[in-house]
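Accompanying notes for the structure given below.
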Amino acid sequence: MTHVEDELRNQPECWTRAAAEATDHVGVLPVAGERVAVVGCGTSYFMAQAVAALREGAGQGETDAFAASEFPYGRRYDRVVALTRSGTTTEVLELLRRLRGAEPVAARTRTVAITADPRTPVREAADDVVVLGYADEQSVVQTRFATTALTLLRAHLGLHDEAVVDDCRTALTTPLPEGLVECTQFTFLGRGWTVGLANEAGLKMREASLSWTEAYPAMEYRHGPISVSTRSTATWMFGEAPDGLAEQVRATGALWVPGALDPLAELVRAQRLAVAVAAARGLDPDRPRHLTRSVILTP
């Protein structure tokens, strides 16, 4: 069994623990009414997109998501949340240090980092640190840390319940749809907070199995991308699909995969797909091409 396979299998336990710990971080995680930015790189950026949409949709306050390298320093936020599994990613550390060193002191933005390893530079770079050490990973490809961090923040917003964990268990044990692994092109679709999940599903497939993948807001799929769908395409919906979209996709000959489970559990199914496709193609998902566990840029 690969590290990725092993790590994605215990997500139900990680989610349950993170949800129980959400109340331990009152005053550290954003409070209602604050203007918040959530940042990250790669997988963490896509989780940031999901968190931002969830928080703003819940009426908790204006919330933006940025790749750490694209943060708009001219904007004012009450708090910045940084998602960083390793705690060593160059762009995240530069952002946190710059915000912490802002002058005058009254203008500084409070920062909190959610990480898997506190024994890293992020401890000194952020004002506050939330550690999810039990969700750390040996693999380069992120699975359980990303979903556990999102679960923590989802629970903090009051948007998590045990049904989500039950759906995760279902996602881990139910066979993937027939013919899915044999597809050669994969398109993931989302709406609202699940657009970030769709983006992450596409990234998982590219990292682990070198697949041709795309991700779009579901309504945007009709505006051009559907034209490349063929019988070798799988189109996977995270959450409820817009009316008529499933029929339009099937008319192209593509395999339509509806999102029957909680969208975060659907992401776990996509993680499993990435591993299965990698195995079918003779690839090792623990050793993705040209990637390392953390991107550390040297001067």
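Letters for chains follow the order of the structure tokens (A, B, ...), residue numbers begin at 1 for each chain, and ligand numbers begin at 1 in the order shown.
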Per residue of segment 67-160 of chain A within 10 Å of segment 27-34 of chain A, record the nearest atom pair and its distance in Å to one decimal, counting only C-alpha atoms, with rows in chain order and ascending residue number, as CSV.
residue,atom,partner,partner_atom,distance
A:Tyr77,CA,A:Glu34,CA,7.8
A:Asp78,CA,A:Glu34,CA,5.7
A:Arg79,CA,A:Pro30,CA,6.8
A:Val80,CA,A:Pro30,CA,8.5
A:Val81,CA,A:Leu29,CA,7.8
A:Arg110,CA,A:Val28,CA,9.2
A:Thr111,CA,A:Val28,CA,8.7
A:Val112,CA,A:Val28,CA,6.9
A:Ala113,CA,A:Leu29,CA,9.5
A:Ile114,CA,A:Leu29,CA,9.6
A:Asp127,CA,A:Val28,CA,9.2
A:Asp128,CA,A:Val28,CA,6.6
A:Val129,CA,A:Val28,CA,8.2
A:Val130,CA,A:Val28,CA,8.2
A:Leu152,CA,A:Leu29,CA,9.9
A:Leu153,CA,A:Leu29,CA,8.1
A:His156,CA,A:Leu29,CA,7.9
A:Leu157,CA,A:Ala32,CA,9.0
Please tabulate, as a tab-separated table, the residues of segment 191-258 of chain A that come within 8 Å of segment 271-274 of chain A, each with its closest pair of atoms and the distance in Å to one decimal, counting only C-alpha atoms and ordering rows by chain, then residue number upward.
residue	atom	partner	partner_atom	distance
A:Ala201	CA	A:Gln271	CA	7.1
A:Lys204	CA	A:Ala274	CA	6.3
A:Met205	CA	A:Ala274	CA	4.8
A:Ala208	CA	A:Ala274	CA	5.8
A:Ser209	CA	A:Ala274	CA	5.8
- Output as an NGL selection string all residues of segment 140-266 of chain A that backbone DSSP marks as strand (DSSP E). :A and (185-190 or 212-217 or 233-237 or 255-257)
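Residue nearest Met1 of chain A within the list A:Ala171, A:Ala149, A:Ala276, A:Ala198: A:Ala276 [criterion: smallest interatomic distance, only C-alpha atoms].
Here atom CA of Glu162 of chain A and atom CA of Ala260 of chain A stand 16.4 Å from one another.
Distances from A:Pro217, A:Arg206, A:Glu178, A:Glu247 to Leu283 of chain A were compared using only C-alpha atoms, and the smallest one belongs to A:Arg206.
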- For Leu132 of chain A, the nearest of the candidates A:Arg250, A:Arg287, A:Arg98, A:Arg85, counting only C-alpha atoms: A:Arg85
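Around Arg144 of chain A, within 9 Å and counting only C-alpha atoms, the residues found are Glu7, Leu8, Arg9, Asn10, Gln11, Cys14, Trp15, Ala135, Asp136, Glu137, Ala149 and Val268 of chain A, once anything fewer than 5 positions away on its own chain is removed.
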Save out the residues we just selected, N, CA, C and O atoms, as a PDB file, in the first residue's frame.
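File produced: selection_37.pdb:
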ATOM      1  N   GLU A   7      -2.921   7.048   3.917  1.00  0.00           N
ATOM      2  CA  GLU A   7      -3.306   8.313   4.550  1.00  0.00           C
ATOM      3  C   GLU A   7      -4.733   8.724   4.222  1.00  0.00           C
ATOM      4  O   GLU A   7      -5.416   9.320   5.061  1.00  0.00           O
ATOM      5  N   LEU A   8      -5.190   8.403   3.032  1.00  0.00           N
ATOM      6  CA  LEU A   8      -6.565   8.803   2.720  1.00  0.00           C
ATOM      7  C   LEU A   8      -7.589   7.919   3.430  1.00  0.00           C
ATOM      8  O   LEU A   8      -8.754   8.319   3.610  1.00  0.00           O
ATOM      9  N   ARG A   9      -7.176   6.743   3.885  1.00  0.00           N
ATOM     10  CA  ARG A   9      -8.120   5.810   4.493  1.00  0.00           C
ATOM     11  C   ARG A   9      -8.576   6.214   5.893  1.00  0.00           C
ATOM     12  O   ARG A   9      -9.647   5.780   6.340  1.00  0.00           O
ATOM     13  N   ASN A  10      -7.769   6.974   6.639  1.00  0.00           N
ATOM     14  CA  ASN A  10      -8.187   7.293   8.009  1.00  0.00           C
ATOM     15  C   ASN A  10      -8.759   8.702   8.141  1.00  0.00           C
ATOM     16  O   ASN A  10      -8.783   9.277   9.227  1.00  0.00           O
ATOM     17  N   GLN A  11      -9.265   9.233   7.040  1.00  0.00           N
ATOM     18  CA  GLN A  11      -9.863  10.558   7.096  1.00  0.00           C
ATOM     19  C   GLN A  11     -11.091  10.639   8.012  1.00  0.00           C
ATOM     20  O   GLN A  11     -11.284  11.660   8.670  1.00  0.00           O
ATOM     21  N   CYS A  14      -9.774  11.435  11.408  1.00  0.00           N
ATOM     22  CA  CYS A  14      -9.198  12.786  11.450  1.00  0.00           C
ATOM     23  C   CYS A  14     -10.288  13.849  11.477  1.00  0.00           C
ATOM     24  O   CYS A  14     -10.200  14.831  12.224  1.00  0.00           O
ATOM     25  N   TRP A  15     -11.325  13.664  10.680  1.00  0.00           N
ATOM     26  CA  TRP A  15     -12.408  14.648  10.628  1.00  0.00           C
ATOM     27  C   TRP A  15     -13.141  14.727  11.962  1.00  0.00           C
ATOM     28  O   TRP A  15     -13.479  15.818  12.423  1.00  0.00           O
ATOM     29  N   ALA A 135      -2.982  14.699  11.419  1.00  0.00           N
ATOM     30  CA  ALA A 135      -3.336  14.648   9.998  1.00  0.00           C
ATOM     31  C   ALA A 135      -2.119  14.846   9.099  1.00  0.00           C
ATOM     32  O   ALA A 135      -2.268  14.988   7.876  1.00  0.00           O
ATOM     33  N   ASP A 136      -0.924  14.859   9.668  1.00  0.00           N
ATOM     34  CA  ASP A 136       0.278  15.021   8.856  1.00  0.00           C
ATOM     35  C   ASP A 136       0.436  13.821   7.924  1.00  0.00           C
ATOM     36  O   ASP A 136      -0.183  12.766   8.129  1.00  0.00           O
ATOM     37  N   GLU A 137       1.291  13.994   6.928  1.00  0.00           N
ATOM     38  CA  GLU A 137       1.424  12.978   5.886  1.00  0.00           C
ATOM     39  C   GLU A 137       2.883  12.792   5.489  1.00  0.00           C
ATOM     40  O   GLU A 137       3.669  13.739   5.545  1.00  0.00           O
ATOM     41  N   ALA A 149      -8.163  20.043   7.669  1.00  0.00           N
ATOM     42  CA  ALA A 149      -8.144  21.490   7.899  1.00  0.00           C
ATOM     43  C   ALA A 149      -9.474  22.111   7.494  1.00  0.00           C
ATOM     44  O   ALA A 149     -10.020  22.977   8.201  1.00  0.00           O
ATOM     45  N   VAL A 268     -12.971  12.720  -1.413  1.00  0.00           N
ATOM     46  CA  VAL A 268     -12.287  11.485  -1.021  1.00  0.00           C
ATOM     47  C   VAL A 268     -12.428  10.435  -2.123  1.00  0.00           C
ATOM     48  O   VAL A 268     -11.472   9.701  -2.423  1.00  0.00           O
TER      49      VAL A 268
END
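Taking only C-alpha atoms into account, Val38 of chain A lies nearest to A:Arg55 out of the set A:Arg269, A:Arg17, A:Arg55, A:His25.
Closest approach to Thr120 of chain A among A:Thr89, A:Thr170, A:Ser69, A:Ser139: A:Thr89, based on only C-alpha atoms.
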- Item | Minimum-distance residue to Ala18 of chain A, chosen among A:Asp161, A:Glu94, A:Glu124, A:Asp64 (using only C-alpha atoms) | A:Asp161
